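Trainee: Next up is a structure, given as structure tokens.
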Amino acid sequence: MAATTAHYRVGDIVTGISYVPPEDHHREQPEEITGKVVQVGAGWAGVDADRAYVWVRLANGRERQALVRDIQRVES
């Protein structure tokens, strides 16, 4: 059964790899990130769960999109 709720919540600290759409790889590459979840995206109903994503704010203030499958929560 597909998950119907998000794996992460706004405020969670996560680490992993950022997501860059294939069409943008000519100007940006995925990078290792650690930061705070600031927005939970789409993909939770199971229809497109493989593309479930969040937005993560890095320490320098920039934000990066990350697929849920490519990140993990940092335990404090």
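Every chain in the structure tokens takes a letter, A first, then B, and so on in the order presented; its residues are numbered from 1, and the ligands are numbered from 1 following the presented order.
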Near Glu75 (chain A), counting only C-alpha atoms, which residues have an atom at most 12 Å away, once you skip same-chain residues fewer than 6 positions from it, shown as a list in words?
Mentor: Asp12, Ile13, Val14 and Thr15 of chain A
Trainee: Could the residues in this selection be written to a file with N, CA, C and O atoms, as a PDB file, in the first residue's frame?
Mentor:
ATOM      1  N   ASP A  12      12.329  19.469   9.857  1.00  0.00           N
ATOM      2  CA  ASP A  12      13.244  18.331   9.974  1.00  0.00           C
ATOM      3  C   ASP A  12      14.598  18.701   9.368  1.00  0.00           C
ATOM      4  O   ASP A  12      14.668  19.374   8.336  1.00  0.00           O
ATOM      5  N   ILE A  13      15.662  18.247   9.987  1.00  0.00           N
ATOM      6  CA  ILE A  13      17.012  18.405   9.439  1.00  0.00           C
ATOM      7  C   ILE A  13      17.329  17.130   8.670  1.00  0.00           C
ATOM      8  O   ILE A  13      17.178  16.027   9.196  1.00  0.00           O
ATOM      9  N   VAL A  14      17.753  17.304   7.409  1.00  0.00           N
ATOM     10  CA  VAL A  14      18.029  16.159   6.550  1.00  0.00           C
ATOM     11  C   VAL A  14      19.388  16.310   5.880  1.00  0.00           C
ATOM     12  O   VAL A  14      19.939  17.414   5.789  1.00  0.00           O
ATOM     13  N   THR A  15      19.898  15.195   5.403  1.00  0.00           N
ATOM     14  CA  THR A  15      21.139  15.184   4.642  1.00  0.00           C
ATOM     15  C   THR A  15      20.973  14.215   3.475  1.00  0.00           C
ATOM     16  O   THR A  15      20.183  13.279   3.548  1.00  0.00           O
TER      17      THR A  15
END
Trainee: Env of region 21-27 of chain A: 12 Å cut, atoms = only C-alpha atoms, seq-sep filter 5 positions within chain, self excluded. Answer as an MDAnalysis selection string.
Mentor: chainID A and resid 51 64:67
Trainee: Would you save the residues of that selection, restricted to N, CA and C atoms, as a PDB file, in the first residue's frame?
Mentor:
ATOM      1  N   ARG A  51       8.714  10.210  -7.170  1.00  0.00           N
ATOM      2  CA  ARG A  51       9.218  11.569  -7.357  1.00  0.00           C
ATOM      3  C   ARG A  51       8.873  12.480  -6.181  1.00  0.00           C
ATOM      4  N   ARG A  64      17.498  23.956  -1.979  1.00  0.00           N
ATOM      5  CA  ARG A  64      17.677  22.906  -2.985  1.00  0.00           C
ATOM      6  C   ARG A  64      16.522  21.927  -2.877  1.00  0.00           C
ATOM      7  N   GLN A  65      16.105  21.422  -4.019  1.00  0.00           N
ATOM      8  CA  GLN A  65      15.084  20.382  -4.060  1.00  0.00           C
ATOM      9  C   GLN A  65      15.786  19.051  -3.855  1.00  0.00           C
ATOM     10  N   ALA A  66      15.132  18.132  -3.141  1.00  0.00           N
ATOM     11  CA  ALA A  66      15.688  16.795  -2.933  1.00  0.00           C
ATOM     12  C   ALA A  66      14.573  15.774  -2.986  1.00  0.00           C
ATOM     13  N   LEU A  67      14.822  14.670  -3.673  1.00  0.00           N
ATOM     14  CA  LEU A  67      13.866  13.572  -3.688  1.00  0.00           C
ATOM     15  C   LEU A  67      13.925  12.860  -2.346  1.00  0.00           C
TER      16      LEU A  67
END
Trainee: Which residues in region 2-69 of chain A does DSSP call strand (DSSP E or B)? List them as an mmCIF file with C-alpha atoms, in the first residue's frame.
Mentor:
data_model
loop_
_atom_site.group_PDB
_atom_site.id
_atom_site.type_symbol
_atom_site.label_atom_id
_atom_site.label_comp_id
_atom_site.auth_asym_id
_atom_site.auth_seq_id
_atom_site.Cartn_x
_atom_site.Cartn_y
_atom_site.Cartn_z
ATOM 1 C CA ILE A 13 17.012 18.405 9.439
ATOM 2 C CA VAL A 14 18.029 16.159 6.550
ATOM 3 C CA THR A 15 21.139 15.184 4.642
ATOM 4 C CA GLY A 16 21.613 13.601 1.228
ATOM 5 C CA ILE A 17 21.873 14.541 -2.441
ATOM 6 C CA GLU A 32 25.629 16.763 -1.157
ATOM 7 C CA ILE A 33 23.336 18.794 1.076
ATOM 8 C CA THR A 34 22.401 19.146 4.724
ATOM 9 C CA GLY A 35 19.716 21.520 5.885
ATOM 10 C CA LYS A 36 16.215 22.139 7.161
ATOM 11 C CA VAL A 37 13.082 21.050 5.284
ATOM 12 C CA VAL A 38 11.186 24.230 4.428
ATOM 13 C CA GLN A 39 8.538 22.839 2.070
ATOM 14 C CA VAL A 40 7.068 19.418 1.431
ATOM 15 C CA TYR A 53 10.310 15.683 -2.916
ATOM 16 C CA VAL A 54 11.040 18.364 -0.348
ATOM 17 C CA TRP A 55 12.773 21.744 -0.461
ATOM 18 C CA VAL A 56 15.769 22.040 1.862
ATOM 19 C CA ARG A 57 17.271 25.338 3.099
ATOM 20 C CA LEU A 58 21.036 25.117 3.416
ATOM 21 C CA GLU A 63 17.360 26.193 -1.127
ATOM 22 C CA ARG A 64 17.677 22.906 -2.985
ATOM 23 C CA GLN A 65 15.084 20.382 -4.060
ATOM 24 C CA ALA A 66 15.688 16.795 -2.933
ATOM 25 C CA LEU A 67 13.866 13.572 -3.688
#
Trainee: One decimal, in Å: what's the spacing between CA of Gly61 (chain A) and CA of Glu28 (chain A)?
Mentor: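 A separation of 17.6 Å between them.
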Trainee: Tell me which of A:Ser18, A:Val74, A:Arg62, A:Gly11 sits closest to Pro30 (chain A), counting only C-alpha atoms.
Mentor: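 The shortest atom-to-atom distance to Pro30 (chain A) comes from A:Ser18.
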Trainee: Just give me the gap between CA of Ala59 (chain A) and CA of Ala42 (chain A) in Å, one decimal is fine.
Mentor: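 Distance reported for this atom pair: 24.0 Å.
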